[in-house]
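Quick look at data_0.json (JSON, C-alpha atoms):
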[["chain", "number", "residue", "atom", "x", "y", "z"],
["M", 30, "MET", "CA", 0.00, 0.00, 0.00],
["M", 31, "ALA", "CA", 1.38, 3.41, -0.99],
["M", 32, "PHE", "CA", 1.91, 6.19, 1.51],
["M", 33, "SER", "CA", -0.82, 8.83, 1.53],
["M", 34, "ILE", "CA", -0.84, 12.17, 3.37],
["M", 35, "LYS", "CA", -4.65, 12.12, 3.19],
["M", 36, "ASN", "CA", -4.75, 8.77, 5.02],
["M", 37, "GLU", "CA", -2.26, 10.05, 7.60],
["M", 38, "LEU", "CA", -4.35, 13.19, 8.15],
["M", 39, "GLU", "CA", -7.45, 11.07, 8.71],
["M", 40, "THR", "CA", -5.80, 8.70, 11.19],
["M", 41, "THR", "CA", -3.19, 10.85, 12.95],
["M", 42, "ASP", "CA", -3.55, 13.74, 15.35],
["M", 43, "ILE", "CA", -2.84, 16.99, 13.53],
["M", 44, "THR", "CA", -0.20, 17.99, 16.09],
["M", 45, "ASN", "CA", 1.94, 15.23, 14.54],
["M", 46, "PHE", "CA", 2.13, 17.43, 11.44],
["M", 47, "LEU", "CA", 3.80, 20.28, 13.25],
["M", 48, "PRO", "CA", 7.31, 20.42, 11.76],
["M", 49, "GLN", "CA", 9.05, 19.56, 15.03],
["M", 50, "ALA", "CA", 6.86, 16.46, 15.44],
["M", 51, "LEU", "CA", 7.40, 15.07, 11.94],
["M", 52, "ALA", "CA", 9.22, 11.76, 11.73],
["M", 53, "PRO", "CA", 12.47, 12.08, 9.74],
["M", 54, "LYS", "CA", 11.04, 10.35, 6.64],
["M", 55, "LEU", "CA", 7.89, 12.47, 6.68],
["M", 56, "LEU", "CA", 9.95, 15.63, 7.18],
["M", 57, "ALA", "CA", 12.04, 14.66, 4.15],
["M", 58, "TYR", "CA", 8.91, 13.92, 2.11],
["M", 59, "ILE", "CA", 7.22, 17.20, 3.00],
["M", 60, "GLY", "CA", 10.59, 18.94, 2.65],
["M", 61, "LEU", "CA", 10.69, 17.98, -1.04],
["M", 62, "LYS", "CA", 7.35, 19.70, -1.51],
["M", 63, "VAL", "CA", 8.58, 22.71, 0.44],
["M", 64, "ASN", "CA", 11.63, 22.89, -1.83],
["M", 65, "ASP", "CA", 9.27, 23.24, -4.81],
["M", 66, "PHE", "CA", 7.63, 26.17, -3.01],
["M", 67, "LEU", "CA", 11.02, 27.74, -2.28],
["M", 68, "ASP", "CA", 12.08, 27.33, -5.90],
["M", 69, "GLN", "CA", 8.95, 29.16, -7.03],
["M", 70, "VAL", "CA", 9.65, 31.99, -4.59],
["M", 71, "ALA", "CA", 13.27, 32.22, -5.70],
["M", 72, "LEU", "CA", 12.24, 32.38, -9.36],
["M", 73, "SER", "CA", 9.54, 35.01, -8.75],
["M", 74, "ASP", "CA", 10.37, 38.68, -8.70],
["M", 75, "SER", "CA", 9.62, 38.70, -4.95],
["M", 76, "THR", "CA", 6.68, 41.08, -5.22],
["M", 77, "SER", "CA", 3.77, 40.39, -2.95],
["M", 78, "GLU", "CA", 1.51, 39.81, -5.96],
["M", 79, "LYS", "CA", 3.78, 37.14, -7.46],
["M", 80, "ILE", "CA", 4.29, 35.37, -4.15],
["M", 81, "HIS", "CA", 0.53, 35.05, -3.68],
["M", 82, "ASN", "CA", 0.23, 33.42, -7.12],
["M", 83, "ILE", "CA", 2.51, 30.54, -6.16],
["M", 84, "GLN", "CA", 1.07, 27.08, -6.70],
["M", 85, "PHE", "CA", 1.18, 24.98, -3.55],
["M", 86, "ASP", "CA", 1.43, 21.22, -3.55],
["M", 87, "PRO", "CA", -2.04, 19.74, -2.86],
["M", 88, "GLU", "CA", -0.70, 17.71, 0.07],
["M", 89, "ILE", "CA", 0.68, 20.88, 1.72],
["M", 90, "LEU", "CA", -2.75, 22.46, 1.24],
["M", 91, "ASP", "CA", -4.38, 19.36, 2.79],
["M", 92, "ILE", "CA", -2.17, 19.70, 5.87],
["M", 93, "VAL", "CA", -2.75, 23.43, 6.17],
["M", 94, "THR", "CA", -6.51, 23.05, 5.69],
["M", 95, "LYS", "CA", -6.64, 20.34, 8.38],
["M", 96, "ILE", "CA", -4.70, 22.58, 10.79],
["M", 97, "TYR", "CA", -7.04, 25.49, 9.99],
["M", 98, "ILE", "CA", -10.19, 23.42, 10.52],
["M", 99, "THR", "CA", -8.77, 21.92, 13.73],
["M", 100, "ARG", "CA", -8.13, 25.44, 15.05],
["M", 101, "ASN", "CA", -11.26, 27.18, 13.74],
["M", 102, "GLY", "CA", -13.79, 24.47, 12.93],
["M", 103, "ASP", "CA", -15.34, 23.98, 9.54],
["M", 104, "HIS", "CA", -18.22, 26.30, 10.45],
["M", 105, "ASP", "CA", -15.79, 29.20, 9.91],
["M", 106, "ILE", "CA", -15.79, 28.51, 6.17],
["M", 107, "ASP", "CA", -18.84, 30.30, 4.77],
["M", 108, "THR", "CA", -19.11, 29.50, 1.08],
["M", 109, "SER", "CA", -22.36, 31.40, 0.60],
["M", 110, "ASN", "CA", -20.63, 34.26, -1.20],
["M", 111, "ILE", "CA", -17.51, 34.67, -3.28],
["M", 112, "ASN", "CA", -15.89, 37.21, -0.92],
["M", 113, "ASN", "CA", -15.89, 34.64, 1.89],
["M", 114, "ILE", "CA", -14.33, 32.05, -0.40],
["M", 115, "ILE", "CA", -11.61, 34.50, -1.48],
["M", 116, "LYS", "CA", -10.95, 35.44, 2.16],
["M", 117, "PHE", "CA", -10.63, 31.75, 3.09],
["M", 118, "GLN", "CA", -8.29, 31.11, 0.14],
["M", 119, "LYS", "CA", -6.06, 34.00, 1.27],
["M", 120, "LYS", "CA", -5.92, 32.59, 4.81],
["M", 121, "ILE", "CA", -4.99, 29.16, 3.50],
["M", 122, "SER", "CA", -2.40, 30.61, 1.11],
["M", 123, "GLN", "CA", -0.73, 32.63, 3.87],
["M", 124, "GLY", "CA", -0.95, 29.61, 6.16],
["M", 125, "ALA", "CA", 0.73, 27.47, 3.49],
["M", 126, "ILE", "CA", 3.57, 30.01, 3.19],
["M", 127, "ASN", "CA", 4.03, 30.02, 6.97],
["M", 128, "TYR", "CA", 3.85, 26.21, 7.16],
["M", 129, "CYS", "CA", 6.41, 25.76, 4.37],
["M", 130, "LEU", "CA", 8.83, 28.15, 6.04],
["M", 131, "ALA", "CA", 8.33, 26.40, 9.39],
["M", 132, "VAL", "CA", 9.16, 23.05, 7.77],
["M", 133, "TYR", "CA", 12.24, 24.63, 6.20],
["M", 134, "ARG", "CA", 13.36, 26.03, 9.57],
["M", 135, "GLU", "CA", 12.87, 22.59, 11.13],
["M", 136, "THR", "CA", 14.98, 20.96, 8.44],
["M", 137, "ILE", "CA", 17.81, 23.42, 9.03],
["M", 138, "GLY", "CA", 17.41, 23.11, 12.79],
["M", 139, "ARG", "CA", 17.66, 19.32, 12.73],
["M", 140, "ASP", "CA", 20.62, 19.38, 10.34],
["M", 141, "SER", "CA", 22.50, 21.96, 12.40],
["M", 142, "GLY", "CA", 21.45, 20.94, 15.90],
["M", 143, "ILE", "CA", 20.63, 24.59, 16.63],
["M", 144, "GLU", "CA", 17.65, 25.24, 18.89],
["M", 145, "TYR", "CA", 15.10, 27.81, 17.78],
["M", 146, "GLU", "CA", 11.54, 28.84, 18.56],
["M", 147, "LYS", "CA", 9.13, 26.17, 17.33],
["M", 148, "PRO", "CA", 5.64, 26.93, 16.00],
["M", 149, "LYS", "CA", 2.57, 25.89, 17.94],
["M", 150, "LEU", "CA", -0.70, 24.59, 16.56],
["M", 151, "GLU", "CA", -2.29, 27.86, 17.67],
["M", 152, "ASN", "CA", 0.03, 30.06, 15.62],
["M", 153, "ILE", "CA", 1.74, 28.07, 12.85],
["M", 154, "LEU", "CA", -0.58, 29.42, 10.16],
["M", 155, "THR", "CA", -0.73, 33.01, 11.38],
["M", 156, "LYS", "CA", 2.52, 33.98, 13.09],
["M", 157, "LYS", "CA", 4.80, 35.90, 10.76],
["M", 158, "PRO", "CA", 7.95, 33.88, 9.97],
["M", 159, "GLU", "CA", 10.21, 36.83, 10.80],
["M", 160, "SER", "CA", 8.77, 37.07, 14.33],
["M", 161, "TYR", "CA", 10.19, 33.69, 15.41],
["M", 162, "ASP", "CA", 13.27, 33.76, 17.61],
["M", 163, "CYS", "CA", 15.68, 31.93, 15.36],
["M", 164, "ASN", "CA", 18.61, 34.29, 14.89],
["M", 165, "LYS", "CA", 21.23, 31.59, 15.50],
["M", 166, "LEU", "CA", 19.53, 29.38, 12.95],
["M", 167, "PHE", "CA", 19.40, 32.20, 10.41],
["M", 168, "GLU", "CA", 23.08, 33.03, 10.94],
["M", 169, "TYR", "CA", 24.01, 29.36, 10.51],
["M", 170, "HIS", "CA", 22.00, 29.23, 7.30],
["M", 171, "LYS", "CA", 23.58, 32.40, 5.92],
["M", 172, "LYS", "CA", 27.08, 31.21, 6.77],
["M", 173, "ASN", "CA", 26.78, 27.62, 5.56],
["M", 174, "LYS", "CA", 24.07, 27.52, 2.94],
["M", 175, "CYS", "CA", 23.73, 30.97, 1.40],
["M", 176, "ASN", "CA", 27.29, 31.94, 0.52],
["M", 177, "SER", "CA", 26.38, 32.01, -3.16],
["M", 178, "CYS", "CA", 22.73, 32.98, -2.95],
["M", 179, "SER", "CA", 22.74, 36.56, -1.69],
["M", 180, "SER", "CA", 20.12, 37.47, -4.28],
["M", 181, "SER", "CA", 17.75, 34.76, -3.04],
["M", 182, "PRO", "CA", 14.53, 36.03, -1.44],
["M", 183, "ILE", "CA", 14.92, 33.53, 1.39],
["M", 184, "GLY", "CA", 16.65, 35.43, 4.12],
["M", 185, "SER", "CA", 18.01, 38.36, 2.17],
["M", 186, "SER", "CA", 15.32, 40.24, 0.29],
["M", 187, "PRO", "CA", 13.32, 42.77, 2.30],
["M", 188, "GLY", "CA", 10.16, 41.91, 0.36],
["M", 189, "GLY", "CA", 10.50, 38.16, 0.12],
["M", 190, "PRO", "CA", 9.72, 35.57, 2.76],
["M", 191, "ARG", "CA", 12.43, 34.79, 5.23],
["M", 192, "ILE", "CA", 13.15, 31.52, 6.98],
["M", 193, "CYS", "CA", 12.69, 33.35, 10.26]]
Let me see the structure of the file written as structure tokens.
Amino acid sequence: MAFSIKNELETTDITNFLPQALAPKLLAYIGLKVNDFLDQVALSDSTSEKIHNIQFDPEILDIVTKIYITRNGDHDIDTSNINNIIKFQKKISQGAINYCLAVYRETIGRDSGIEYEKPKLENILTKKPESYDCNKLFEYHKKNKCNSCSSSPIGSSPGGPRIC
């Protein structure tokens, strides 16, 4: 039987999908999907409009939607008018950005052994990535991973998303 995120989401507590709780293989699997997101950001012109047009992997959206519904309930999603649908899509899109960056921080944190502030179920979709206390992690990343990528929006561009 093939691995399925949907099956895992149905049978596993959603807190197990917080980046710090992911098993190494699942972190690697989701990390591949996050790398696709990061590649899209790096190839965009880093404007807010372009970043919000990024295509997210459906499994990332499944995880983010499950976290959102766990936190807010499905009654919060009013599909009776288009403005509510657009508002929900924006929340999920921003949540997906925040989730992807949290997974990326976790990957760097595990690889480096550097402690940093971990997201909580209550804030993983809404807390701005730059508000996490992860300066040591960011410095490690800049020193060891970004020597040749100073033009990358991850960590260096004022308008682009940062890993922390």
Give me the residues near Gln84 (chain M) as a ChimeraX atom specification, where near means some atom within 12 Å (using all atoms listed in the file) and where sequence neighbours in that chain fewer than 3 positions away do not count.
/M:62-63,65-70,73,79-81,87-90,122,125-126
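For the choices M:Glu144, M:Leu150, M:Gly138, M:Gly60, the atom-to-atom distance to Asn101 (chain M) is smallest for M:Leu150 when using only C-alpha atoms.
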Option closest in space to Pro48 (chain M), from M:Lys149, M:Lys95, M:Arg100, M:Lys116 [counting only C-alpha atoms]
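That would be M:Lys149, the residue with the smallest distance to Pro48 (chain M).
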One decimal, in Å: what's the spacing between CA of Phe85 (chain M) and CA of Ala50 (chain M)?
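Computed distance, CA of Phe85 (chain M) to CA of Ala50 (chain M), equals 21.6 Å.
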Padding 8 Å on each side, edges along x, y and z: where is the centre of the box around the listed atoms of region 146-155 of chain M, and how long are its edges in Å to one decimal? Output it as JSON.
{"center_x": 4.6, "center_y": 28.8, "center_z": 14.4, "size_x": 29.8, "size_y": 24.4, "size_z": 24.4}
Just want the 12 Å neighbourhood of Ile34 (chain M), counted on all atoms listed in the file, with same-chain residues fewer than 5 positions away dropped. Output as a ChimeraX atom specification.
/M:39-41,43,45-46,55-56,58-59,86-93,95
Residues at most 12 Å from Lys156 (chain M), counting all atoms listed in the file, excluding those fewer than 3 positions away in the same chain, as a VMD selection string?
chain M and resid 120 123 to 128 130 to 131 146 to 153 159 to 162 193
Pick from M:Ile83, M:Thr136, M:Phe32, M:Pro53: nearest to Lys119 (chain M), with all atoms listed in the file counted?
M:Ile83
Find, counting all atoms listed in the file, the residue in M:Asn113, M:Tyr145, M:Gln118, M:Ile98 that gets nearest to Asn82 (chain M).
M:Gln118
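Here CA of Gly142 (chain M) stands at a distance of 23.0 Å from CA of Lys157 (chain M).
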Figure out the distance between CA of Lys172 (chain M) and CA of Arg134 (chain M), please, to one decimal in Å.
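One can read the CA of Arg134 (chain M) to CA of Lys172 (chain M) distance as 14.9 Å.
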